[in-house]
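Asks: Got a file for you: work-v2.cif, mmCIF, C-alpha atoms and all ligand atoms.
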data_input
loop_
_atom_site.group_PDB
_atom_site.id
_atom_site.type_symbol
_atom_site.label_atom_id
_atom_site.label_comp_id
_atom_site.auth_asym_id
_atom_site.auth_seq_id
_atom_site.Cartn_x
_atom_site.Cartn_y
_atom_site.Cartn_z
ATOM 1 C CA MET T 1 -16.421 1.977 -5.548
ATOM 2 C CA ILE T 2 -15.784 -1.048 -7.748
ATOM 3 C CA HIS T 3 -15.400 -0.004 -11.364
ATOM 4 C CA PRO T 4 -14.645 -1.879 -14.549
ATOM 5 C CA LEU T 5 -11.018 -1.537 -15.623
ATOM 6 C CA THR T 6 -10.098 -1.231 -19.274
ATOM 7 C CA LEU T 7 -6.638 -2.519 -20.015
ATOM 8 C CA THR T 8 -4.557 -1.608 -23.038
ATOM 9 C CA LEU T 9 -5.133 -5.154 -24.281
ATOM 10 C CA ASP T 10 -7.773 -5.879 -26.883
ATOM 11 C CA ASN T 11 -11.026 -6.720 -25.215
ATOM 12 C CA PRO T 12 -11.510 -9.739 -27.491
ATOM 13 C CA LEU T 13 -8.284 -11.113 -26.045
ATOM 14 C CA LEU T 14 -9.694 -10.856 -22.515
ATOM 15 C CA LYS T 15 -12.929 -12.420 -23.701
ATOM 16 C CA SER T 16 -11.142 -15.289 -25.365
ATOM 17 C CA LYS T 17 -9.287 -15.931 -22.127
ATOM 18 C CA ASN T 18 -12.544 -15.671 -20.176
ATOM 19 C CA ILE T 19 -11.133 -13.062 -17.803
ATOM 20 C CA ARG T 20 -13.204 -10.514 -15.895
ATOM 21 C CA ILE T 21 -11.391 -7.619 -14.320
ATOM 22 C CA ALA T 22 -12.498 -4.766 -12.054
ATOM 23 C CA ILE T 23 -10.830 -2.245 -9.814
ATOM 24 C CA TYR T 24 -11.668 -1.274 -6.246
ATOM 25 C CA ARG T 25 -11.007 2.445 -5.966
ATOM 26 C CA GLY T 26 -9.346 2.649 -2.577
ATOM 27 C CA ASP T 27 -7.780 5.897 -3.771
ATOM 28 C CA LEU T 28 -11.213 7.523 -3.545
ATOM 29 C CA GLU T 29 -11.639 6.600 0.127
ATOM 30 C CA HIS T 30 -10.687 8.843 3.009
ATOM 31 C CA LYS T 31 -9.350 12.013 1.452
ATOM 32 C CA GLN T 32 -6.666 12.650 4.064
ATOM 33 C CA ALA T 33 -5.351 9.097 4.203
ATOM 34 C CA PRO T 34 -6.443 7.378 0.990
ATOM 35 C CA GLY T 35 -5.936 3.776 -0.087
ATOM 36 C CA ASN T 36 -4.353 1.500 2.471
ATOM 37 C CA LYS T 37 -3.063 4.397 4.578
ATOM 38 C CA TRP T 38 -6.097 4.965 6.803
ATOM 39 C CA HIS T 39 -6.519 1.246 7.348
ATOM 40 C CA LYS T 40 -2.920 0.770 8.476
ATOM 41 C CA LEU T 41 -3.011 3.748 10.804
ATOM 42 C CA LYS T 42 -6.427 3.705 12.432
ATOM 43 C CA PHE T 43 -5.832 1.008 15.091
ATOM 44 C CA ASN T 44 -2.390 2.450 15.793
ATOM 45 C CA LEU T 45 -3.845 5.879 16.450
ATOM 46 C CA GLU T 46 -6.520 4.359 18.661
ATOM 47 C CA ALA T 47 -3.879 2.398 20.582
ATOM 48 C CA ALA T 48 -1.742 5.521 20.980
ATOM 49 C CA LYS T 49 -4.721 7.410 22.341
ATOM 50 C CA ALA T 50 -5.697 4.584 24.684
ATOM 51 C CA GLN T 51 -2.146 4.590 26.100
ATOM 52 C CA GLY T 52 -2.324 8.331 26.672
ATOM 53 C CA ALA T 53 0.523 8.976 24.209
ATOM 54 C CA LYS T 54 0.877 12.581 23.126
ATOM 55 C CA GLN T 55 3.117 11.789 20.150
ATOM 56 C CA LEU T 56 3.198 9.118 17.478
ATOM 57 C CA ILE T 57 6.645 8.584 15.969
ATOM 58 C CA SER T 58 7.179 6.817 12.667
ATOM 59 C CA PHE T 59 9.642 6.499 9.807
ATOM 60 C CA GLY T 60 9.653 7.241 6.085
ATOM 61 C CA GLY T 61 11.348 8.739 3.076
ATOM 62 C CA PRO T 62 10.927 12.360 1.973
ATOM 63 C CA TYR T 63 7.998 11.421 -0.327
ATOM 64 C CA SER T 64 6.402 8.817 1.947
ATOM 65 C CA ASN T 65 2.660 8.249 1.532
ATOM 66 C CA HIS T 66 2.591 6.919 5.070
ATOM 67 C CA LEU T 67 4.092 10.059 6.617
ATOM 68 C CA HIS T 68 1.827 12.251 4.538
ATOM 69 C CA ALA T 69 -1.278 10.451 5.788
ATOM 70 C CA LEU T 70 -0.016 10.365 9.357
ATOM 71 C CA GLY T 71 0.507 14.127 9.295
ATOM 72 C CA ASN T 72 -2.987 14.633 7.940
ATOM 73 C CA ILE T 73 -4.830 12.634 10.563
ATOM 74 C CA ALA T 74 -2.803 12.486 13.790
ATOM 75 C CA LEU T 75 -3.917 15.837 15.125
ATOM 76 C CA SER T 76 -7.568 14.835 14.951
ATOM 77 C CA TYR T 77 -6.588 12.294 17.650
ATOM 78 C CA ALA T 78 -4.849 15.067 19.620
ATOM 79 C CA ILE T 79 -1.543 13.355 18.865
ATOM 80 C CA THR T 80 1.516 15.137 17.483
ATOM 81 C CA PRO T 81 2.981 13.272 14.494
ATOM 82 C CA ILE T 82 6.746 12.931 14.514
ATOM 83 C CA ALA T 83 8.710 11.652 11.526
ATOM 84 C CA ILE T 84 12.175 10.172 11.382
ATOM 85 C CA VAL T 85 13.029 10.995 7.792
ATOM 86 C CA ARG T 86 15.457 8.948 5.722
ATOM 87 C CA GLY T 87 18.458 10.993 4.582
ATOM 88 C CA GLU T 88 19.363 14.604 5.123
ATOM 89 C CA LEU T 89 16.745 17.313 5.080
ATOM 90 C CA HIS T 90 17.247 19.927 2.414
ATOM 91 C CA PRO T 91 16.404 23.577 3.097
ATOM 92 C CA GLN T 92 13.640 23.218 0.511
ATOM 93 C CA LEU T 93 11.409 20.504 1.959
ATOM 94 C CA THR T 94 9.610 18.089 -0.349
ATOM 95 C CA PRO T 95 5.882 18.796 -0.814
ATOM 96 C CA THR T 96 5.148 15.702 1.313
ATOM 97 C CA LEU T 97 7.223 16.951 4.240
ATOM 98 C CA ARG T 98 5.956 20.498 3.833
ATOM 99 C CA ASP T 99 2.398 19.226 4.280
ATOM 100 C CA PHE T 100 3.529 17.200 7.285
ATOM 101 C CA VAL T 101 5.018 20.252 8.975
ATOM 102 C CA LYS T 102 2.039 22.426 8.025
ATOM 103 C CA ALA T 103 -0.199 19.899 9.779
ATOM 104 C CA GLY T 104 1.817 20.396 12.981
ATOM 105 C CA GLY T 105 4.251 17.502 12.525
ATOM 106 C CA ILE T 106 7.886 17.464 13.669
ATOM 107 C CA LEU T 107 10.753 16.180 11.501
ATOM 108 C CA TRP T 108 13.951 14.463 12.597
ATOM 109 C CA PRO T 109 16.394 13.761 9.773
ATOM 110 C CA SER T 110 18.270 10.495 9.982
ATOM 111 C CA LYS T 111 21.482 9.684 8.140
ATOM 112 C CA ARG T 112 20.878 6.719 5.838
ATOM 113 C CA ILE T 113 23.171 4.410 7.779
ATOM 114 C CA ASP T 114 21.424 5.309 11.007
ATOM 115 C CA TYR T 115 18.004 4.999 9.358
ATOM 116 C CA ARG T 116 18.819 1.470 8.266
ATOM 117 C CA ALA T 117 19.438 0.520 11.893
ATOM 118 C CA GLY T 118 15.740 1.215 12.550
ATOM 119 C CA MET T 119 14.786 0.946 16.213
ATOM 120 C CA GLU T 120 18.428 0.208 17.084
ATOM 121 C CA SER T 121 19.695 3.567 15.847
ATOM 122 C CA GLU T 122 21.264 6.219 18.039
ATOM 123 C CA LEU T 123 18.641 8.714 16.983
ATOM 124 C CA VAL T 124 15.860 6.418 18.171
ATOM 125 C CA ALA T 125 17.606 6.008 21.526
ATOM 126 C CA ASP T 126 17.820 9.791 21.855
ATOM 127 C CA LEU T 127 14.192 10.297 20.858
ATOM 128 C CA LYS T 128 13.028 7.630 23.292
ATOM 129 C CA ALA T 129 14.635 9.650 26.053
ATOM 130 C CA TYR T 130 13.233 12.908 24.698
ATOM 131 C CA TYR T 131 9.666 11.619 24.157
ATOM 132 C CA PRO T 132 9.380 8.886 26.802
ATOM 133 C CA LYS T 133 5.651 8.356 26.344
ATOM 134 C CA ALA T 134 5.506 8.414 22.561
ATOM 135 C CA TYR T 135 3.828 5.601 20.609
ATOM 136 C CA TRP T 136 6.079 4.098 17.917
ATOM 137 C CA VAL T 137 4.952 2.792 14.536
ATOM 138 C CA PRO T 138 7.316 1.170 12.005
ATOM 139 C CA GLU T 139 7.858 2.438 8.479
ATOM 140 C CA GLY T 140 4.740 2.215 6.331
ATOM 141 C CA GLY T 141 2.514 1.644 9.374
ATOM 142 C CA SER T 142 3.362 -2.026 8.966
ATOM 143 C CA ASN T 143 2.873 -3.673 12.334
ATOM 144 C CA SER T 144 0.257 -6.131 13.582
ATOM 145 C CA LEU T 145 -2.309 -3.340 14.076
ATOM 146 C CA GLY T 146 -1.668 -2.207 10.514
ATOM 147 C CA VAL T 147 -2.344 -5.758 9.303
ATOM 148 C CA LYS T 148 -5.497 -5.901 11.438
ATOM 149 C CA GLY T 149 -6.730 -2.675 9.820
ATOM 150 C CA CYS T 150 -6.165 -4.132 6.357
ATOM 151 C CA CYS T 151 -7.938 -7.343 7.352
ATOM 152 C CA ASP T 152 -10.967 -5.246 8.351
ATOM 153 C CA TRP T 153 -10.648 -3.385 5.080
ATOM 154 C CA ALA T 154 -10.776 -6.701 3.231
ATOM 155 C CA GLN T 155 -14.110 -7.397 4.868
ATOM 156 C CA GLU T 156 -15.477 -4.045 3.613
ATOM 157 C CA ILE T 157 -14.165 -4.713 0.118
ATOM 158 C CA HIS T 158 -15.576 -8.219 0.122
ATOM 159 C CA ALA T 159 -19.035 -6.926 1.074
ATOM 160 C CA GLN T 160 -19.026 -4.607 -1.936
ATOM 161 C CA ALA T 161 -17.487 -7.151 -4.263
ATOM 162 C CA GLN T 162 -20.055 -9.795 -3.424
ATOM 163 C CA ALA T 163 -22.840 -7.600 -4.739
ATOM 164 C CA LEU T 164 -21.164 -7.824 -8.157
ATOM 165 C CA GLY T 165 -20.617 -11.567 -8.184
ATOM 166 C CA GLU T 166 -17.630 -13.696 -7.426
ATOM 167 C CA PHE T 167 -14.032 -12.419 -7.596
ATOM 168 C CA ASP T 168 -11.730 -15.362 -7.101
ATOM 169 C CA THR T 169 -8.472 -13.395 -7.087
ATOM 170 C CA TRP T 170 -7.530 -10.097 -5.465
ATOM 171 C CA VAL T 171 -4.560 -8.264 -6.890
ATOM 172 C CA VAL T 172 -2.499 -5.823 -4.859
ATOM 173 C CA SER T 173 0.845 -4.090 -4.623
ATOM 174 C CA ALA T 174 3.369 -4.599 -1.843
ATOM 175 C CA GLY T 175 6.098 -2.652 -0.118
ATOM 176 C CA THR T 176 6.399 -4.272 3.292
ATOM 177 C CA GLY T 177 3.583 -6.744 2.574
ATOM 178 C CA ALA T 178 1.393 -5.722 5.531
ATOM 179 C CA THR T 179 -1.570 -4.806 3.320
ATOM 180 C CA SER T 180 -1.531 -8.099 1.430
ATOM 181 C CA ALA T 181 -1.096 -9.948 4.750
ATOM 182 C CA GLY T 182 -4.308 -8.326 6.002
ATOM 183 C CA PHE T 183 -6.094 -9.388 2.814
ATOM 184 C CA LEU T 184 -4.752 -12.916 3.110
ATOM 185 C CA ALA T 185 -5.804 -13.166 6.748
ATOM 186 C CA TYR T 186 -9.358 -12.271 5.810
ATOM 187 C CA GLU T 187 -11.404 -15.353 5.110
ATOM 188 C CA THR T 188 -15.015 -15.316 4.054
ATOM 189 C CA LYS T 189 -17.607 -17.252 6.035
ATOM 190 C CA ASN T 190 -17.529 -19.851 3.330
ATOM 191 C CA GLU T 191 -13.789 -20.411 3.455
ATOM 192 C CA ASN T 192 -13.856 -22.167 0.109
ATOM 193 C CA ASN T 193 -14.554 -18.900 -1.643
ATOM 194 C CA SER T 194 -11.925 -16.738 0.071
ATOM 195 C CA PRO T 195 -10.074 -15.097 -2.786
ATOM 196 C CA ASP T 196 -6.493 -15.843 -3.765
ATOM 197 C CA VAL T 197 -4.167 -12.899 -3.150
ATOM 198 C CA LEU T 198 -1.877 -12.066 -6.044
ATOM 199 C CA VAL T 199 0.887 -9.647 -5.051
ATOM 200 C CA PHE T 200 3.096 -7.495 -7.270
ATOM 201 C CA PRO T 201 5.905 -6.002 -5.162
ATOM 202 C CA ALA T 202 7.143 -2.490 -5.938
ATOM 203 C CA LEU T 203 10.677 -3.380 -4.842
ATOM 204 C CA LYS T 204 13.396 -5.567 -6.278
ATOM 205 C CA GLY T 205 13.576 -8.994 -4.650
ATOM 206 C CA GLY T 206 9.929 -8.798 -3.630
ATOM 207 C CA GLU T 207 9.519 -12.586 -3.836
ATOM 208 C CA GLY T 208 11.376 -12.570 -0.527
ATOM 209 C CA LEU T 209 8.283 -11.100 1.111
ATOM 210 C CA LEU T 210 6.504 -14.444 1.026
ATOM 211 C CA ASP T 211 7.519 -15.558 4.522
ATOM 212 C CA ASP T 212 6.863 -12.139 6.058
ATOM 213 C CA ILE T 213 3.401 -11.905 4.526
ATOM 214 C CA GLN T 214 2.457 -15.417 5.570
ATOM 215 C CA ARG T 215 3.775 -14.869 9.108
ATOM 216 C CA PHE T 216 1.938 -11.542 9.442
ATOM 217 C CA ALA T 217 -1.283 -13.169 8.182
ATOM 218 C CA LEU T 218 -0.997 -16.139 10.541
ATOM 219 C CA THR T 219 -0.481 -13.799 13.491
ATOM 220 C CA GLN T 220 -3.702 -12.043 12.564
ATOM 221 C CA ASN T 221 -5.613 -15.241 11.811
ATOM 222 C CA PRO T 222 -3.963 -18.566 12.706
ATOM 223 C CA GLN T 223 -6.435 -20.386 10.419
ATOM 224 C CA THR T 224 -5.261 -18.503 7.318
ATOM 225 C CA ASP T 225 -4.873 -20.708 4.260
ATOM 226 C CA ILE T 226 -1.483 -19.296 3.268
ATOM 227 C CA GLU T 227 -1.489 -21.233 -0.007
ATOM 228 C CA ARG T 228 -3.827 -18.538 -1.342
ATOM 229 C CA LEU T 229 -0.865 -16.161 -1.606
ATOM 230 C CA LYS T 230 1.133 -15.766 -4.790
ATOM 231 C CA ILE T 231 3.906 -13.223 -5.363
ATOM 232 C CA ILE T 232 5.110 -12.151 -8.796
ATOM 233 C CA GLY T 233 8.294 -10.158 -8.502
ATOM 234 C CA ASP T 234 9.052 -9.464 -12.163
ATOM 235 C CA TYR T 235 7.507 -6.018 -12.529
ATOM 236 C CA HIS T 236 9.424 -3.706 -10.166
ATOM 237 C CA HIS T 237 10.743 -1.725 -13.165
ATOM 238 C CA GLY T 238 14.224 -1.337 -11.752
ATOM 239 C CA GLY T 239 13.297 -1.027 -8.099
ATOM 240 C CA TYR T 240 11.498 1.103 -5.581
ATOM 241 C CA ALA T 241 10.384 4.514 -6.926
ATOM 242 C CA LYS T 242 12.024 3.919 -10.328
ATOM 243 C CA LEU T 243 9.904 5.238 -13.166
ATOM 244 C CA PRO T 244 11.351 4.256 -16.556
ATOM 245 C CA GLN T 245 9.895 5.756 -19.729
ATOM 246 C CA GLU T 246 8.123 2.513 -20.575
ATOM 247 C CA LEU T 247 6.103 2.664 -17.355
ATOM 248 C CA LYS T 248 5.416 6.374 -17.782
ATOM 249 C CA ASP T 249 4.044 5.727 -21.284
ATOM 250 C CA TYR T 250 1.940 2.886 -19.979
ATOM 251 C CA ILE T 251 0.404 5.082 -17.261
ATOM 252 C CA GLU T 252 -0.562 7.668 -19.866
ATOM 253 C CA LYS T 253 -2.032 5.067 -22.191
ATOM 254 C CA LEU T 254 -4.105 3.532 -19.434
ATOM 255 C CA HIS T 255 -5.328 6.937 -18.326
ATOM 256 C CA LEU T 256 -6.597 7.662 -21.851
ATOM 257 C CA LEU T 257 -8.595 4.442 -21.735
ATOM 258 C CA ASN T 258 -9.834 5.087 -18.177
ATOM 259 C CA PRO T 259 -10.025 8.888 -17.886
ATOM 260 C CA GLU T 260 -11.320 8.729 -14.317
ATOM 261 C CA LEU T 261 -8.502 6.513 -13.143
ATOM 262 C CA LYS T 262 -5.173 7.786 -11.854
ATOM 263 C CA LEU T 263 -2.412 5.403 -10.897
ATOM 264 C CA ASP T 264 0.506 6.257 -8.671
ATOM 265 C CA PRO T 265 3.996 5.729 -10.081
ATOM 266 C CA VAL T 266 5.464 3.743 -7.175
ATOM 267 C CA TYR T 267 2.880 1.053 -6.466
ATOM 268 C CA THR T 268 -0.354 0.822 -8.431
ATOM 269 C CA ALA T 269 1.015 1.481 -11.926
ATOM 270 C CA LYS T 270 3.378 -1.469 -11.528
ATOM 271 C CA VAL T 271 0.530 -3.721 -10.466
ATOM 272 C CA VAL T 272 -1.640 -2.947 -13.474
ATOM 273 C CA TYR T 273 1.316 -3.269 -15.809
ATOM 274 C CA GLY T 274 2.298 -6.608 -14.296
ATOM 275 C CA LEU T 275 -1.249 -7.848 -14.370
ATOM 276 C CA GLU T 276 -1.525 -7.155 -18.097
ATOM 277 C CA GLN T 277 1.706 -8.988 -18.772
ATOM 278 C CA GLU T 278 0.564 -12.004 -16.772
ATOM 279 C CA ILE T 279 -2.712 -12.027 -18.707
ATOM 280 C CA ILE T 280 -0.809 -11.944 -22.000
ATOM 281 C CA LYS T 281 1.328 -14.850 -20.821
ATOM 282 C CA GLY T 282 -1.848 -16.820 -20.209
ATOM 283 C CA HIS T 283 -1.273 -17.187 -16.467
ATOM 284 C CA LEU T 284 -4.647 -15.801 -15.430
ATOM 285 C CA ASP T 285 -7.113 -17.439 -17.798
ATOM 286 C CA ASN T 286 -10.643 -17.932 -16.464
ATOM 287 C CA ARG T 287 -10.064 -15.676 -13.465
ATOM 288 C CA ASN T 288 -12.346 -13.047 -11.999
ATOM 289 C CA LEU T 289 -9.854 -10.447 -10.899
ATOM 290 C CA LEU T 290 -10.352 -7.605 -8.456
ATOM 291 C CA LEU T 291 -7.482 -5.154 -8.372
ATOM 292 C CA ILE T 292 -7.256 -3.026 -5.242
ATOM 293 C CA HIS T 293 -6.100 0.556 -5.774
ATOM 294 C CA THR T 294 -4.063 1.369 -2.668
ATOM 295 C CA GLY T 295 -3.803 5.134 -3.278
ATOM 296 C CA GLY T 296 -0.417 6.884 -3.173
ATOM 297 C CA LEU T 297 -1.216 9.631 -5.664
ATOM 298 C CA GLN T 298 0.546 12.273 -3.567
ATOM 299 C CA GLY T 299 3.718 10.365 -4.477
ATOM 300 C CA TRP T 300 3.653 12.066 -7.889
ATOM 301 C CA SER T 301 5.114 15.104 -6.145
ATOM 302 C CA GLY T 302 8.444 13.267 -6.270
ATOM 303 C CA TYR T 303 8.453 13.257 -10.080
ATOM 304 C CA GLN T 304 8.615 16.110 -12.540
HETATM 305 C C1 LIG T 401 0.067 3.577 -2.230
HETATM 306 C C2 LIG T 401 0.651 2.387 -1.600
HETATM 307 N N1 LIG T 401 0.336 1.176 -2.089
HETATM 308 C C3 LIG T 401 0.859 0.051 -1.578
HETATM 309 C C4 LIG T 401 1.734 0.095 -0.521
HETATM 310 C C5 LIG T 401 2.305 -1.186 -0.014
HETATM 311 O O1 LIG T 401 1.773 -1.492 1.237
HETATM 312 P P1 LIG T 401 2.516 -2.531 2.171
HETATM 313 O O2 LIG T 401 3.762 -1.847 2.679
HETATM 314 O O3 LIG T 401 1.542 -2.752 3.267
HETATM 315 O O4 LIG T 401 2.829 -3.718 1.379
HETATM 316 C C6 LIG T 401 2.081 1.345 0.044
HETATM 317 C C7 LIG T 401 2.965 1.430 1.212
HETATM 318 O O5 LIG T 401 2.464 1.451 2.313
HETATM 319 C C8 LIG T 401 1.532 2.513 -0.509
HETATM 320 O O6 LIG T 401 1.842 3.727 -0.047
#
Show me the file's structure as structure tokens.
Ligand SMILES: Cc1ncc(COP(=O)(O)O)c(C=O)c1O
Replies:
Amino acid sequence: MIHPLTLTLDNPLLKSKNIRIAIYRGDLEHKQAPGNKWHKLKFNLEAAKAQGAKQLISFGGPYSNHLHALGNIALSYAITPIAIVRGELHPQLTPTLRDFVKAGGILWPSKRIDYRAGMESELVADLKAYYPKAYWVPEGGSNSLGVKGCCDWAQEIHAQAQALGEFDTWVVSAGTGATSAGFLAYETKNENNSPDVLVFPALKGGEGLLDDIQRFALTQNPQTDIERLKIIGDYHHGGYAKLPQELKDYIEKLHLLNPELKLDPVYTAKVVYGLEQEIIKGHLDNRNLLLIHTGGLQGWSGYQ
């Protein structure tokens, strides 16, 4: 599942900078919950089951990858997925929410102001009374069990990567930062060769995730060398879910060079774009880079 990645840069340029680059195709894992989704949800679903919960309630936007995956897999745990959806519901549901409902999920729309209040909102108070035994998971599946799942995932990735030689730097996208925290918390037996984790946030102001990611990682593994984390916040392309023409063109160009590779518009396309720019700037010379594809392709349904 690790493939070479051809960038739009000239190969001689990469050679002259002594850079090796490959991509771990997380998007090809677990059809119903690809990329990081399965890894963030699996321990939560197990915990819900162990507690005897009949429902799992979580949060997300109308095109959320997390909700889509949750809908796809919750019923196989005999758990009803329930979504608190940001904003009003329109009579014509988004493809993501349609799939969620088709899979047996229940939707509760939440006004944006209420949604922002998270667990403190009035709707949550009402739903707690209505579903007293439900298991709650934050937006994106980003709690300590989500981080634990991504830490386990890092071990699986490392096992495959090792067969191909040394990768000194892993590259990944971030929304909440839980996935990168799991990667950071993973340390190889020889701690001197645990990879650096280079994070490209999909949101504006993503540099602010540093503390959260380090804290999450330390909770998972108190020995984590948090200096291995680096965040580059310059490639959000206007903010979460923004897809300017320049990024669209880049996705197409990269796809022509890597016909088997699809990037999602919200997370992974921004990572590859940012990575190329950092290479051009000479910030990654002599690195062996492993980019982790975190999935999210269903998110294209939000774009024409
Ligand atoms: C496809 C994809 N990649 C990356 C991320 C970012 O993950 P995290 O919120 O754990 O940083 C998400 C959100 O969960 C996602 O859906």
Asks: I need the output of the PyMOL selection byres (((not hetatm)) within 8 of (chain T and resi 401)) for this file as a PyMOL selection string; which residues are they?
Replies: chain T and resi 35-37+40+64-66+140-142+146-147+172-181+201-202+264+266-268+293-297
Asks: What's around T:Leu70 at 8 Å? Count only C-alpha atoms, leave out sequence neighbours fewer than 5 positions away in its own chain, and write the answer as a CSV table (one decimal) with C-alpha atoms, keeping the file's coordinate frame.
Replies:
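selection-v7.csv was written with the following content:
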chain,number,residue,atom,x,y,z
T,33,ALA,CA,-5.4,9.1,4.2
T,41,LEU,CA,-3.0,3.7,10.8
T,81,PRO,CA,3.0,13.3,14.5
T,100,PHE,CA,3.5,17.2,7.3
Asks: List the neighbours of stretch 246-261 of chain T out to 12 Å using all atoms listed in the file; skip same-chain residues closer than 3 positions along the sequence, and give me the result as an MDAnalysis selection string.
Replies: chainID T and resid 1:11 22:28 235:238 241:243 264:274 276:277 293 295 297 300 303:304
Asks: Near T:Glu207, counting all atoms listed in the file, which residues have an atom at most 7 Å away, once you skip same-chain residues fewer than 4 positions from it, shown as a PDB file with C-alpha atoms, in the coordinates of the input?
Replies:
ATOM      1  CA  ILE T 231       3.906 -13.223  -5.363  1.00  0.00           C
ATOM      2  CA  ILE T 232       5.110 -12.151  -8.796  1.00  0.00           C
ATOM      3  CA  GLY T 233       8.294 -10.158  -8.502  1.00  0.00           C
TER       4      GLY T 233
END
Asks: Write out as a PyMOL selection string which residues come within 10 Å of stretch 122-134 of chain T when counting only C-alpha atoms, dropping same-chain ones fewer than 6 positions away.
Replies: chain T and resi 48+51-57+79-82+84+108-111+114-115
Asks: Please report the interatomic distance between atom CA of T:Ser76 and atom CA of T:Lys42 in Å with one decimal.
Replies: 11.5 Å
Asks: Which one is closest to T:Glu46: T:Val101, T:Ala154, T:Ala69, T:Ala74? Count only C-alpha atoms.
Replies: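 Among the listed residues, the smallest separation from T:Glu46 belongs to T:Ala74.
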Asks: Report, in Å to a single decimal, how far apart atom CA of T:Gln32 and atom CA of T:Asn221 are.
Replies: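 Answer for the atom CA of T:Asn221 to atom CA of T:Gln32 separation: 29.0 Å.
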Asks: Restricting the calculation to only C-alpha atoms: of T:Gly206, T:Asn72, T:Leu291, T:Gly118, which residue gets closest to T:His30?
Replies: T:Asn72
Asks: Please write out, as lines of an AutoDock Vina configuration file, where the centre of an axis-aligned box around all listed atoms of stretch 143-147 of chain T lies and how long its edges are, in Å to one decimal, after adding 6 Å on each side.
Replies:
center_x = 0.3
center_y = -4.2
center_z = 11.7
size_x = 17.2
size_y = 15.9
size_z = 16.8
Asks: What is the distance between atom CA of T:Asn44 and atom CA of T:Pro222, in Å to one decimal?
Replies: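 Spanning atom CA of T:Asn44 to atom CA of T:Pro222 is a straight-line distance of 21.3 Å.
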Asks: Using only C-alpha atoms for the distances, tell me which of T:Gln214, T:Asn193, T:Leu184, T:Gly71 is nearest to T:Gln162.
Replies: T:Asn193
